[in-house]
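*Asks:* Sharing a structure, written as structure tokens. Questions coming.
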Amino acid sequence: MSPRSKYLFIASMDVDPSKEALFHDVYNTEHCPELGKIPGVGEITRFEAQAFQVLIGGQTQTVSTEGQPRFHAMYEIESPEILSSPEWGEAVELGRWPEQVRPHTTNRRHTLLRLTYPE
């Protein structure tokens, strides 16, 4: 995280498999670039959930992604107020996202995290 970003907003979701190529194209070429123009929005990254194994207490545990959203977009932001700003509200309605992509997303979750270390 950049030194000025004290919050991380995460938008997580699944998408209809038949719309996955469109989902990635619009997210990468329209949605993230538009949100990135908003004052107070820093780095934007996207991730896909993966099952994994982790060693805890001397035992290997398998962590499944079952029931969890597959795709995650992470936005470094200066303050929570950015998410309810007119600029944010306008940007999330631009391009093909609202009509061609959003209706095909499911299992949507939104999380806001406040940086606690390092401060």
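Going by the structure tokens order, chains are called A, B, ..., each with residues numbered from 1, while ligands are numbered from 1 in the order shown.
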Can you pull out every residue within 8 Å of Ile77 (chain A), counting only C-alpha atoms, but drop anything in the same chain fewer than 2 positions away, and send it as an NGL selection string?

*Replies:* :A and (5-9 or 40-42 or 75 or 79-80 or 82)

*Asks:* For the selection you just gave me, I'd like the residues written to a file as a short mmCIF file (atom, residue, chain, number, x, y, z; two decimals), in the first residue's frame, keeping N, CA and C atoms.

*Replies:*
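In the end it all went to out03.cif:
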data_model
loop_
_atom_site.label_atom_id
_atom_site.label_comp_id
_atom_site.auth_asym_id
_atom_site.auth_seq_id
_atom_site.Cartn_x
_atom_site.Cartn_y
_atom_site.Cartn_z
N SER A 5 -2.47 5.68 1.65
CA SER A 5 -3.69 4.88 1.67
C SER A 5 -3.87 4.21 3.02
N LYS A 6 -4.91 4.59 3.72
CA LYS A 6 -5.17 4.01 5.04
C LYS A 6 -6.34 3.02 5.02
N TYR A 7 -6.97 2.88 3.85
CA TYR A 7 -8.10 1.98 3.74
C TYR A 7 -7.98 1.13 2.49
N LEU A 8 -8.56 -0.06 2.56
CA LEU A 8 -8.62 -0.96 1.42
C LEU A 8 -10.08 -1.37 1.24
N PHE A 9 -10.64 -1.05 0.09
CA PHE A 9 -12.00 -1.45 -0.25
C PHE A 9 -11.90 -2.64 -1.18
N GLY A 40 -8.30 10.54 -4.41
CA GLY A 40 -8.30 9.74 -3.19
C GLY A 40 -8.27 8.25 -3.43
N VAL A 41 -8.38 7.82 -4.69
CA VAL A 41 -8.26 6.40 -5.02
C VAL A 41 -6.83 6.16 -5.48
N GLY A 42 -6.17 5.19 -4.84
CA GLY A 42 -4.79 4.86 -5.19
C GLY A 42 -4.73 3.66 -6.11
N TYR A 75 -9.15 -1.81 -3.92
CA TYR A 75 -8.94 -0.39 -4.17
C TYR A 75 -8.33 0.26 -2.93
N SER A 79 -9.98 7.53 2.27
CA SER A 79 -11.00 7.59 3.33
C SER A 79 -12.26 6.85 2.88
N PRO A 80 -13.07 6.39 3.82
CA PRO A 80 -14.32 5.71 3.48
C PRO A 80 -15.31 6.60 2.72
N ILE A 82 -14.94 8.38 0.23
CA ILE A 82 -14.78 8.26 -1.23
C ILE A 82 -15.84 7.35 -1.82
#

*Asks:* List every residue of region 33-68 of chain A that has an atom at most 9 Å from any atom of region 12-29 of chain A, and for each one report the closest atom pair and its distance in Å to one decimal, counting only C-alpha atoms, with rows sorted by chain and then by increasing residue number, as JSON lines.

*Replies:*
{"residue": "A:Pro33", "atom": "CA", "partner": "A:Thr29", "partner_atom": "CA", "distance": 6.4}
{"residue": "A:Glu34", "atom": "CA", "partner": "A:Thr29", "partner_atom": "CA", "distance": 8.7}
{"residue": "A:Arg46", "atom": "CA", "partner": "A:Asn28", "partner_atom": "CA", "distance": 8.8}
{"residue": "A:Gln68", "atom": "CA", "partner": "A:Met13", "partner_atom": "CA", "distance": 8.3}

*Asks:* Grab the residues selected above and save them as a PDB file, in the first residue's frame with N, CA and C atoms.

*Replies:*
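That gives us again23.pdb:
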ATOM      1  N   PRO A  33     -10.046   1.608 -14.652  1.00  0.00           N
ATOM      2  CA  PRO A  33      -9.476   2.905 -15.052  1.00  0.00           C
ATOM      3  C   PRO A  33     -10.353   4.097 -14.665  1.00  0.00           C
ATOM      4  N   GLU A  34     -11.672   3.979 -14.775  1.00  0.00           N
ATOM      5  CA  GLU A  34     -12.550   5.094 -14.403  1.00  0.00           C
ATOM      6  C   GLU A  34     -12.519   5.343 -12.896  1.00  0.00           C
ATOM      7  N   ARG A  46      -6.592  -6.576  -9.051  1.00  0.00           N
ATOM      8  CA  ARG A  46      -7.628  -7.603  -9.122  1.00  0.00           C
ATOM      9  C   ARG A  46      -7.002  -8.963  -8.892  1.00  0.00           C
ATOM     10  N   GLN A  68     -17.138 -18.998  -1.474  1.00  0.00           N
ATOM     11  CA  GLN A  68     -16.547 -17.663  -1.483  1.00  0.00           C
ATOM     12  C   GLN A  68     -16.568 -17.097  -2.906  1.00  0.00           C
TER      13      GLN A  68
END

*Asks:* Pick out the closest residue to Leu113 (chain A) from this set: A:Glu99, A:Glu76, A:Glu93, A:Glu81. Count only C-alpha atoms.

*Replies:*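 Looking at the shortest contact to Leu113 (chain A), the residue is A:Glu76.
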
*Asks:* In chain A, what's alpha helix (DSSP H) per DSSP? Answer as a list of chain:residue names?

*Replies:* A:Glu20, A:Ala21, A:Leu22, A:Phe23, A:His24, A:Asp25, A:Val26, A:Cys32, A:Pro33, A:Glu34, A:Leu35, A:Gly36, A:Pro86, A:Glu87, A:Trp88, A:Gly89, A:Glu90, A:Ala91

*Asks:* Write out the residues from the selection above, keeping C-alpha atoms, as a JSON list (two decimals), in the first residue's frame.

*Replies:*
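As a result, selection_38.json now contains:
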[["chain", "number", "residue", "atom", "x", "y", "z"],
["A", 20, "GLU", "CA", -16.44, -14.11, -17.96],
["A", 21, "ALA", "CA", -14.45, -12.78, -20.94],
["A", 22, "LEU", "CA", -16.64, -9.66, -21.08],
["A", 23, "PHE", "CA", -16.35, -9.28, -17.29],
["A", 24, "HIS", "CA", -12.54, -9.21, -17.43],
["A", 25, "ASP", "CA", -12.42, -6.94, -20.47],
["A", 26, "VAL", "CA", -14.77, -4.35, -19.00],
["A", 32, "CYS", "CA", -10.92, 0.08, -12.91],
["A", 33, "PRO", "CA", -9.48, 2.90, -15.05],
["A", 34, "GLU", "CA", -12.55, 5.09, -14.40],
["A", 35, "LEU", "CA", -12.52, 4.44, -10.65],
["A", 36, "GLY", "CA", -8.78, 5.10, -10.64],
["A", 86, "PRO", "CA", -20.70, 11.75, -6.24],
["A", 87, "GLU", "CA", -17.54, 10.93, -8.22],
["A", 88, "TRP", "CA", -17.65, 7.29, -7.13],
["A", 89, "GLY", "CA", -21.37, 7.10, -7.82],
["A", 90, "GLU", "CA", -20.86, 8.42, -11.35],
["A", 91, "ALA", "CA", -17.84, 6.23, -12.13]]

*Asks:* Would you work out the distance separating CA of Arg102 (chain A) from CA of Met74 (chain A), expressed in Å to one decimal?

*Replies:*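 Computing the Euclidean distance for CA of Arg102 (chain A) and CA of Met74 (chain A) yields 17.1 Å.
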
*Asks:* Determine which residues of chain A receive a DSSP assignment of strand (DSSP E or B), computed from the backbone, and state them as an MDAnalysis selection string.

*Replies:* chainID A and resid 7:15 41:48 52:56 59:63 71:77 105:114

*Asks:* Neighbours of Ser64 (chain A) within 8 Å (only C-alpha atoms; same-chain residues fewer than 5 positions away dropped), as a VMD selection string?

*Replies:* chain A and resid 50 to 52

*Asks:* Name all residues at most 12 Å from Arg108 (chain A) (count only C-alpha atoms; drop same-chain ones fewer than 2 positions away) and give them as a ChimeraX atom specification.

*Replies:* /A:10-15,67-73,102-106,110-111
